[in-house]
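Step one of this worksheet: look at the structure below.
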Amino acid sequence: RVVETVEAAIDDLEARGAETTEISLPSVEHAVQAYYVIAMAEASSNLARFDGVRYGHRSESDGNWNESFAETREAFGPEVKRRILLGTYALSAGYHDKYYEKAQDARAWVRQDFEDAFEDVDVIASPTMPVLPFELGESLEDPLRMYLADANTTPVNLANLPAVSVPAGEADGLPVGLQL
């Protein structure tokens, strides 16, 4: 239903004079994995300074430093904690090269794919999400499903390119976005 809605929006653009051609971006298959390794590593690194000593919320615990630090970090929700832990793991000794460096290599590959594509086209159109929107709160039950819903937006972010999502129409009464 998402594909049909986006194709109808592209057909409308063609009717208004746009010329379209299919392109291939082989690296995007790996973009979600690379994006989340990099994003979680950066979240871990950036949020490490929110220790309650100099930055961020500080617990008023009378306990020892470890207890105070743990209570301070309670302000973070489950998804933030997940990202910090996974990012710390990806940056840790023995795993930096295995995960973070490979993700950076994939980022370069994604960027090169986009550069190659932009030699032939001015704009790339795709669905914003490969699936219809989740019900409110539904996606948090399954983080992997939530991350995979970003399959079409993460390659653009990974390549450090601008993008905009505009309404393409509706499917089953739910909005479908067209990413340009």
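FYI, nothing fancy with the structure tokens labels: chains A, B, ... in order, residues from 1 per chain, ligands from 1 as they appear.
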
Can you tell me, as a ChimeraX atom specification, what residues are no more than 12 Å from His96 of chain A when counting only C-alpha atoms, ignoring any on the same chain fewer than 5 positions away?
/A:37-38,41,86-91,101-104

Those same residues - N, CA, C and O atoms - I'd like them written as a PDB file, in the first residue's frame.
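again.pdb was written with the following content:
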ATOM      1  N   VAL A  37      24.668   1.823  14.549  1.00  0.00           N
ATOM      2  CA  VAL A  37      25.933   1.651  15.268  1.00  0.00           C
ATOM      3  C   VAL A  37      26.551   3.026  15.508  1.00  0.00           C
ATOM      4  O   VAL A  37      26.958   3.354  16.633  1.00  0.00           O
ATOM      5  N   ILE A  38      26.594   3.848  14.466  1.00  0.00           N
ATOM      6  CA  ILE A  38      27.194   5.184  14.600  1.00  0.00           C
ATOM      7  C   ILE A  38      26.364   6.061  15.533  1.00  0.00           C
ATOM      8  O   ILE A  38      26.902   6.732  16.426  1.00  0.00           O
ATOM      9  N   ALA A  41      26.770   4.920  19.140  1.00  0.00           N
ATOM     10  CA  ALA A  41      28.105   5.246  19.632  1.00  0.00           C
ATOM     11  C   ALA A  41      28.201   6.739  19.944  1.00  0.00           C
ATOM     12  O   ALA A  41      28.751   7.139  20.983  1.00  0.00           O
ATOM     13  N   LEU A  86      24.408   0.108  24.094  1.00  0.00           N
ATOM     14  CA  LEU A  86      24.869  -0.458  22.825  1.00  0.00           C
ATOM     15  C   LEU A  86      26.000   0.365  22.225  1.00  0.00           C
ATOM     16  O   LEU A  86      26.949  -0.176  21.651  1.00  0.00           O
ATOM     17  N   GLY A  87      25.908   1.690  22.345  1.00  0.00           N
ATOM     18  CA  GLY A  87      26.974   2.556  21.841  1.00  0.00           C
ATOM     19  C   GLY A  87      28.269   2.366  22.600  1.00  0.00           C
ATOM     20  O   GLY A  87      29.353   2.335  22.009  1.00  0.00           O
ATOM     21  N   THR A  88      28.179   2.222  23.909  1.00  0.00           N
ATOM     22  CA  THR A  88      29.373   1.976  24.723  1.00  0.00           C
ATOM     23  C   THR A  88      30.012   0.650  24.325  1.00  0.00           C
ATOM     24  O   THR A  88      31.230   0.551  24.187  1.00  0.00           O
ATOM     25  N   TYR A  89      29.181  -0.346  24.093  1.00  0.00           N
ATOM     26  CA  TYR A  89      29.682  -1.655  23.659  1.00  0.00           C
ATOM     27  C   TYR A  89      30.405  -1.532  22.312  1.00  0.00           C
ATOM     28  O   TYR A  89      31.511  -2.061  22.140  1.00  0.00           O
ATOM     29  N   ALA A  90      29.781  -0.820  21.363  1.00  0.00           N
ATOM     30  CA  ALA A  90      30.369  -0.694  20.026  1.00  0.00           C
ATOM     31  C   ALA A  90      31.692   0.068  20.049  1.00  0.00           C
ATOM     32  O   ALA A  90      32.541  -0.148  19.187  1.00  0.00           O
ATOM     33  N   LEU A  91      31.873   0.934  21.033  1.00  0.00           N
ATOM     34  CA  LEU A  91      33.111   1.720  21.124  1.00  0.00           C
ATOM     35  C   LEU A  91      34.158   1.091  22.033  1.00  0.00           C
ATOM     36  O   LEU A  91      35.283   1.577  22.103  1.00  0.00           O
ATOM     37  N   GLU A 101      34.201   0.960  13.250  1.00  0.00           N
ATOM     38  CA  GLU A 101      34.984   1.197  12.031  1.00  0.00           C
ATOM     39  C   GLU A 101      34.279   0.664  10.791  1.00  0.00           C
ATOM     40  O   GLU A 101      34.272   1.308   9.744  1.00  0.00           O
ATOM     41  N   LYS A 102      33.662  -0.515  10.891  1.00  0.00           N
ATOM     42  CA  LYS A 102      32.924  -1.064   9.748  1.00  0.00           C
ATOM     43  C   LYS A 102      31.720  -0.184   9.417  1.00  0.00           C
ATOM     44  O   LYS A 102      31.380  -0.008   8.254  1.00  0.00           O
ATOM     45  N   ALA A 103      31.077   0.354  10.432  1.00  0.00           N
ATOM     46  CA  ALA A 103      29.943   1.251  10.194  1.00  0.00           C
ATOM     47  C   ALA A 103      30.408   2.520   9.488  1.00  0.00           C
ATOM     48  O   ALA A 103      29.721   3.031   8.594  1.00  0.00           O
ATOM     49  N   GLN A 104      31.570   3.023   9.847  1.00  0.00           N
ATOM     50  CA  GLN A 104      32.111   4.207   9.176  1.00  0.00           C
ATOM     51  C   GLN A 104      32.456   3.891   7.714  1.00  0.00           C
ATOM     52  O   GLN A 104      32.257   4.727   6.823  1.00  0.00           O
TER      53      GLN A 104
END

Could you go through segment 16-175 of chain A and tell me which residues DSSP, when run on the backbone, assigns to strand (DSSP E or B), listing them as a PyMOL selection string?
chain A and resi 126-127+165-171+174-175

Neighbouring residues of Arg145 of chain A were defined as those with any atom within 12 Å, considering only C-alpha atoms; residues of the same chain fewer than 2 positions away were excluded. Please report them as a list in words.
Val32, Met129, Pro130, Val131, Pro133, Phe134, Glu138, Ser139, Leu140, Glu141, Asp142, Pro143, Tyr147, Leu148, Ala149, Asp150 and Ala151 of chain A

Take the residues just selected and output them with all heavy atoms as a compact mmCIF listing (two decimals), in the first residue's frame.
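Dumped everything to part.txt:
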# COMPACT_ATOMS: atom_id res chain seq x y z
N VAL A 32 20.91 0.97 7.52
CA VAL A 32 20.25 0.98 8.84
C VAL A 32 21.21 0.49 9.91
O VAL A 32 21.36 1.11 10.97
CB VAL A 32 18.95 0.15 8.83
CG1 VAL A 32 18.40 -0.01 10.24
CG2 VAL A 32 17.90 0.79 7.95
N MET A 129 8.74 6.01 4.79
CA MET A 129 8.82 4.77 5.58
C MET A 129 8.38 3.62 4.69
O MET A 129 7.49 3.79 3.87
CB MET A 129 7.90 4.83 6.80
CG MET A 129 8.39 5.73 7.91
SD MET A 129 7.25 5.82 9.33
CE MET A 129 6.84 4.13 9.67
N PRO A 130 8.96 2.44 4.86
CA PRO A 130 8.55 1.30 4.04
C PRO A 130 7.23 0.68 4.48
O PRO A 130 6.69 -0.19 3.80
CB PRO A 130 9.70 0.31 4.23
CG PRO A 130 10.28 0.64 5.55
CD PRO A 130 10.09 2.12 5.72
N VAL A 131 6.72 1.11 5.62
CA VAL A 131 5.47 0.58 6.18
C VAL A 131 4.56 1.73 6.57
O VAL A 131 5.00 2.87 6.67
CB VAL A 131 5.75 -0.30 7.43
CG1 VAL A 131 6.55 -1.53 7.05
CG2 VAL A 131 6.46 0.49 8.51
N PRO A 133 2.36 3.96 9.21
CA PRO A 133 2.72 4.38 10.58
C PRO A 133 2.21 3.40 11.63
O PRO A 133 1.17 2.77 11.46
CB PRO A 133 2.01 5.72 10.73
CG PRO A 133 1.74 6.20 9.35
CD PRO A 133 1.58 4.98 8.50
N PHE A 134 2.97 3.30 12.71
CA PHE A 134 2.58 2.46 13.84
C PHE A 134 1.46 3.14 14.62
O PHE A 134 1.31 4.36 14.58
CB PHE A 134 3.76 2.28 14.81
CG PHE A 134 4.98 1.68 14.19
CD1 PHE A 134 6.17 2.39 14.14
CD2 PHE A 134 4.96 0.40 13.66
CE1 PHE A 134 7.30 1.84 13.58
CE2 PHE A 134 6.09 -0.16 13.10
CZ PHE A 134 7.26 0.56 13.06
N GLU A 138 3.02 1.67 19.81
CA GLU A 138 3.23 0.31 19.32
C GLU A 138 4.69 0.02 19.01
O GLU A 138 5.20 -1.04 19.32
CB GLU A 138 2.38 0.09 18.07
CG GLU A 138 2.59 -1.24 17.39
CD GLU A 138 1.85 -1.34 16.07
OE1 GLU A 138 1.24 -0.36 15.61
OE2 GLU A 138 1.90 -2.42 15.47
N SER A 139 5.40 0.93 18.39
CA SER A 139 6.76 0.67 17.93
C SER A 139 7.75 0.48 19.07
O SER A 139 8.76 -0.17 18.90
CB SER A 139 7.23 1.81 17.03
OG SER A 139 7.22 3.04 17.74
N LEU A 140 7.47 1.03 20.24
CA LEU A 140 8.41 0.89 21.35
C LEU A 140 8.46 -0.51 21.91
O LEU A 140 9.40 -0.87 22.60
CB LEU A 140 8.06 1.90 22.45
CG LEU A 140 8.19 3.36 22.04
CD1 LEU A 140 7.76 4.26 23.18
CD2 LEU A 140 9.59 3.68 21.58
N GLU A 141 7.45 -1.32 21.62
CA GLU A 141 7.44 -2.70 22.09
C GLU A 141 8.52 -3.53 21.40
O GLU A 141 9.04 -4.47 21.97
CB GLU A 141 6.07 -3.34 21.80
CG GLU A 141 4.92 -2.63 22.45
CD GLU A 141 4.78 -2.99 23.92
OE1 GLU A 141 5.08 -4.15 24.26
OE2 GLU A 141 4.38 -2.12 24.70
N ASP A 142 8.84 -3.17 20.17
CA ASP A 142 9.81 -3.93 19.38
C ASP A 142 10.82 -2.95 18.77
O ASP A 142 10.59 -2.42 17.67
CB ASP A 142 9.08 -4.70 18.28
CG ASP A 142 10.00 -5.58 17.47
OD1 ASP A 142 11.23 -5.57 17.71
OD2 ASP A 142 9.49 -6.29 16.58
N PRO A 143 11.93 -2.68 19.45
CA PRO A 143 12.90 -1.70 18.96
C PRO A 143 13.42 -2.01 17.56
O PRO A 143 13.61 -1.11 16.76
CB PRO A 143 14.03 -1.75 19.98
CG PRO A 143 13.43 -2.35 21.19
CD PRO A 143 12.31 -3.24 20.74
N TYR A 147 13.48 0.47 14.42
CA TYR A 147 14.69 0.86 13.70
C TYR A 147 14.55 0.58 12.20
O TYR A 147 14.97 1.37 11.37
CB TYR A 147 15.92 0.13 14.24
CG TYR A 147 16.23 0.39 15.69
CD1 TYR A 147 16.96 -0.53 16.43
CD2 TYR A 147 15.79 1.53 16.35
CE1 TYR A 147 17.24 -0.32 17.77
CE2 TYR A 147 16.07 1.76 17.70
CZ TYR A 147 16.80 0.82 18.39
OH TYR A 147 17.08 1.03 19.71
N LEU A 148 13.97 -0.57 11.85
CA LEU A 148 13.82 -0.93 10.44
C LEU A 148 12.84 -0.01 9.70
O LEU A 148 12.91 0.13 8.49
CB LEU A 148 13.41 -2.39 10.30
CG LEU A 148 14.48 -3.40 10.70
CD1 LEU A 148 13.94 -4.82 10.64
CD2 LEU A 148 15.73 -3.25 9.84
N ALA A 149 11.93 0.62 10.43
CA ALA A 149 11.02 1.58 9.81
C ALA A 149 11.78 2.79 9.29
O ALA A 149 11.29 3.53 8.44
CB ALA A 149 9.94 2.01 10.79
N ASP A 150 13.01 2.97 9.77
CA ASP A 150 13.86 4.08 9.32
C ASP A 150 14.70 3.73 8.10
O ASP A 150 15.59 4.49 7.72
CB ASP A 150 14.81 4.50 10.45
CG ASP A 150 14.09 5.09 11.64
OD1 ASP A 150 12.96 5.58 11.47
OD2 ASP A 150 14.67 5.06 12.75
N ALA A 151 14.42 2.60 7.47
CA ALA A 151 15.26 2.10 6.38
C ALA A 151 15.41 3.09 5.23
O ALA A 151 16.43 3.09 4.55
CB ALA A 151 14.70 0.77 5.85

Residues of chain A in helix (DSSP H, G or I) according to DSSP, as a PyMOL selection string?
chain A and resi 2-15+26-47+65-73+78-91+96-117+138-141+143-148+154-158

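Atom pair atom CA of Asp105 of chain A / atom CA of Ala117 of chain A has a distance of 18.6 Å (rounded to one decimal).
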
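Shortest atom-to-atom contact with Lys98 of chain A among A:Val2, A:Val166, A:Ile23, A:Ala34: A:Ala34, counting only C-alpha atoms.
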
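When only C-alpha atoms are used to compute distances to Glu22 of chain A, the closest of the residues A:Leu174, A:Val121, A:Leu85, A:Ala106 turns out to be A:Val121.
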
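Every protein, DNA or RNA residue with an atom at most 8 Å from Ser27 of chain A, where only C-alpha atoms count and chain neighbours fewer than 6 positions away do not, is listed here: Ala106, Trp109, Val110 and Asp113 of chain A.
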
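The space between atom CA of Pro155 of chain A and atom CA of Gly177 of chain A spans 16.1 Å.
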
Grab the atom CA of Ser92 of chain A to atom CA of Asn66 of chain A distance for me, in Å with one decimal place.
20.7 Å

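Shortest atom-to-atom contact with Thr128 of chain A among A:Val80, A:Ala171, A:Val176, A:Ala18: A:Val176, counting only C-alpha atoms.
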
Can you tell me which residues surround Val123 of chain A at a distance of at most 10 Å, considering only C-alpha atoms, apart from same-chain residues fewer than 4 positions away, and format the answer as a PyMOL selection string?
chain A and resi 20+117-118+163+179-180

Writer output for current selection, N, CA, C and O atoms, as a short mmCIF file (atom, residue, chain, number, x, y, z; two decimals), in the first residue's frame:
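And here's part_33.cif as it stands now:
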data_model
loop_
_atom_site.label_atom_id
_atom_site.label_comp_id
_atom_site.auth_asym_id
_atom_site.auth_seq_id
_atom_site.Cartn_x
_atom_site.Cartn_y
_atom_site.Cartn_z
N THR A 20 11.38 10.89 -14.84
CA THR A 20 11.84 9.94 -13.82
C THR A 20 12.64 8.81 -14.46
O THR A 20 12.45 8.48 -15.62
N ALA A 117 24.80 8.47 -7.92
CA ALA A 117 23.42 8.65 -8.41
C ALA A 117 23.17 10.09 -8.83
O ALA A 117 22.51 10.34 -9.84
N PHE A 118 23.70 11.05 -8.06
CA PHE A 118 23.46 12.46 -8.38
C PHE A 118 24.24 12.94 -9.60
O PHE A 118 24.05 14.07 -10.04
N ALA A 163 17.06 16.27 3.15
CA ALA A 163 15.88 15.58 2.63
C ALA A 163 14.65 16.23 3.22
O ALA A 163 14.71 16.86 4.27
N GLN A 179 9.63 10.94 0.39
CA GLN A 179 10.88 11.58 0.76
C GLN A 179 11.62 12.01 -0.49
O GLN A 179 11.78 11.23 -1.43
N LEU A 180 12.04 13.25 -0.52
CA LEU A 180 12.81 13.79 -1.64
C LEU A 180 14.17 14.24 -1.11
O LEU A 180 14.25 14.88 -0.08
#
